[in-house]
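Okay, so here's the structure we're looking at.
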Amino acid sequence: MSIPANGRTTTRRTGLSLPPDLPLPEWRHLGQQIHVIADSSAWWLGDWLIFGQEHYPDRYRQALKQTSLDYQTLRNYAWVARKFEPGRRRGKLSFQHHAEVAALPEAEQEEWLTRAEEGGWTRNALRRQIRMRRQSPEAAQEPGVVQVNVVAERRIRWERAAETAGLGLMDWIIRMLDEAADDPVPHIPGPAADPPALGA
């Protein structure tokens, strides 16, 4: 896919030059093409990374240096791409839509992507719908118990942070976890779980 070079619109690594008399329909079409290219590049990078892991393990780290993206971003692209084989990727939805549901079981992924596709939801709308489902009375379950063993030094740091925020330790921990769950993946919002490392 490429942006048409018609002598009026020119592309460079660092910019896009448009003629002042560019008609509105052409401008809209151009924006749509740019969006598709940008969105596709996340899938392309994810697939490129997976291929590198499988075929060039000894040169993988060097290959990563050929991009200007940070390790966490690349790691997330590869993680989402692994969660969705090409045949399961929805062309009408963005990479971010898929990232939003990547941590869910496959059946739930399909359900939410179908609803987003049929409803024309944005990624943020999809996120809101998932959150509403989790908070609905029908979805409520008996509260579980989570036990975490931490070293004393870490507990002291947490208690100080909670005190600074004017909260009890447990309330502060819950707030931090909720905030992390609302926007769990740096750079590309979506997966609610920490993806595995890209490789050695």
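So you can find residues: chains in the structure tokens are A, B, ... in the order shown, residues in each start at 1, and ligands are numbered from 1 in order.
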
Per-residue DSSP, stretch 23-157 of chain A, filtered to helix (DSSP H, G or I), as an MDAnalysis selection string: chainID A and resid 24:55 60:64 71:83 86:88 95:101 106:119 123:135 137:139 152:157

Of A:Glu179, A:Leu169, A:Ala99, A:Arg61, the one sitting nearest A:Arg157 when using only C-alpha atoms is A:Leu169

Which is closest to A:Leu74 among A:Gln96, A:Ala103, A:Thr10, A:Trp43, if we use only C-alpha atoms?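 With only C-alpha atoms as the atom set, the closest residue is A:Trp43.
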
If you measure from atom CA of A:Gly15 to atom CA of A:Trp27, what distance in Å do you get, rounded to one decimal?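 Taking atom CA of A:Gly15 as the start and atom CA of A:Trp27 as the end point, the length is 15.4 Å.
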
Can you list, as a PyMOL selection string, every protein, DNA or RNA residue that comes within 12 Å of A:Arg123 when you count only C-alpha atoms, leaving out same-chain residues fewer than 5 positions away? chain A and resi 92-101+112-113+115-117+128-130+188-190
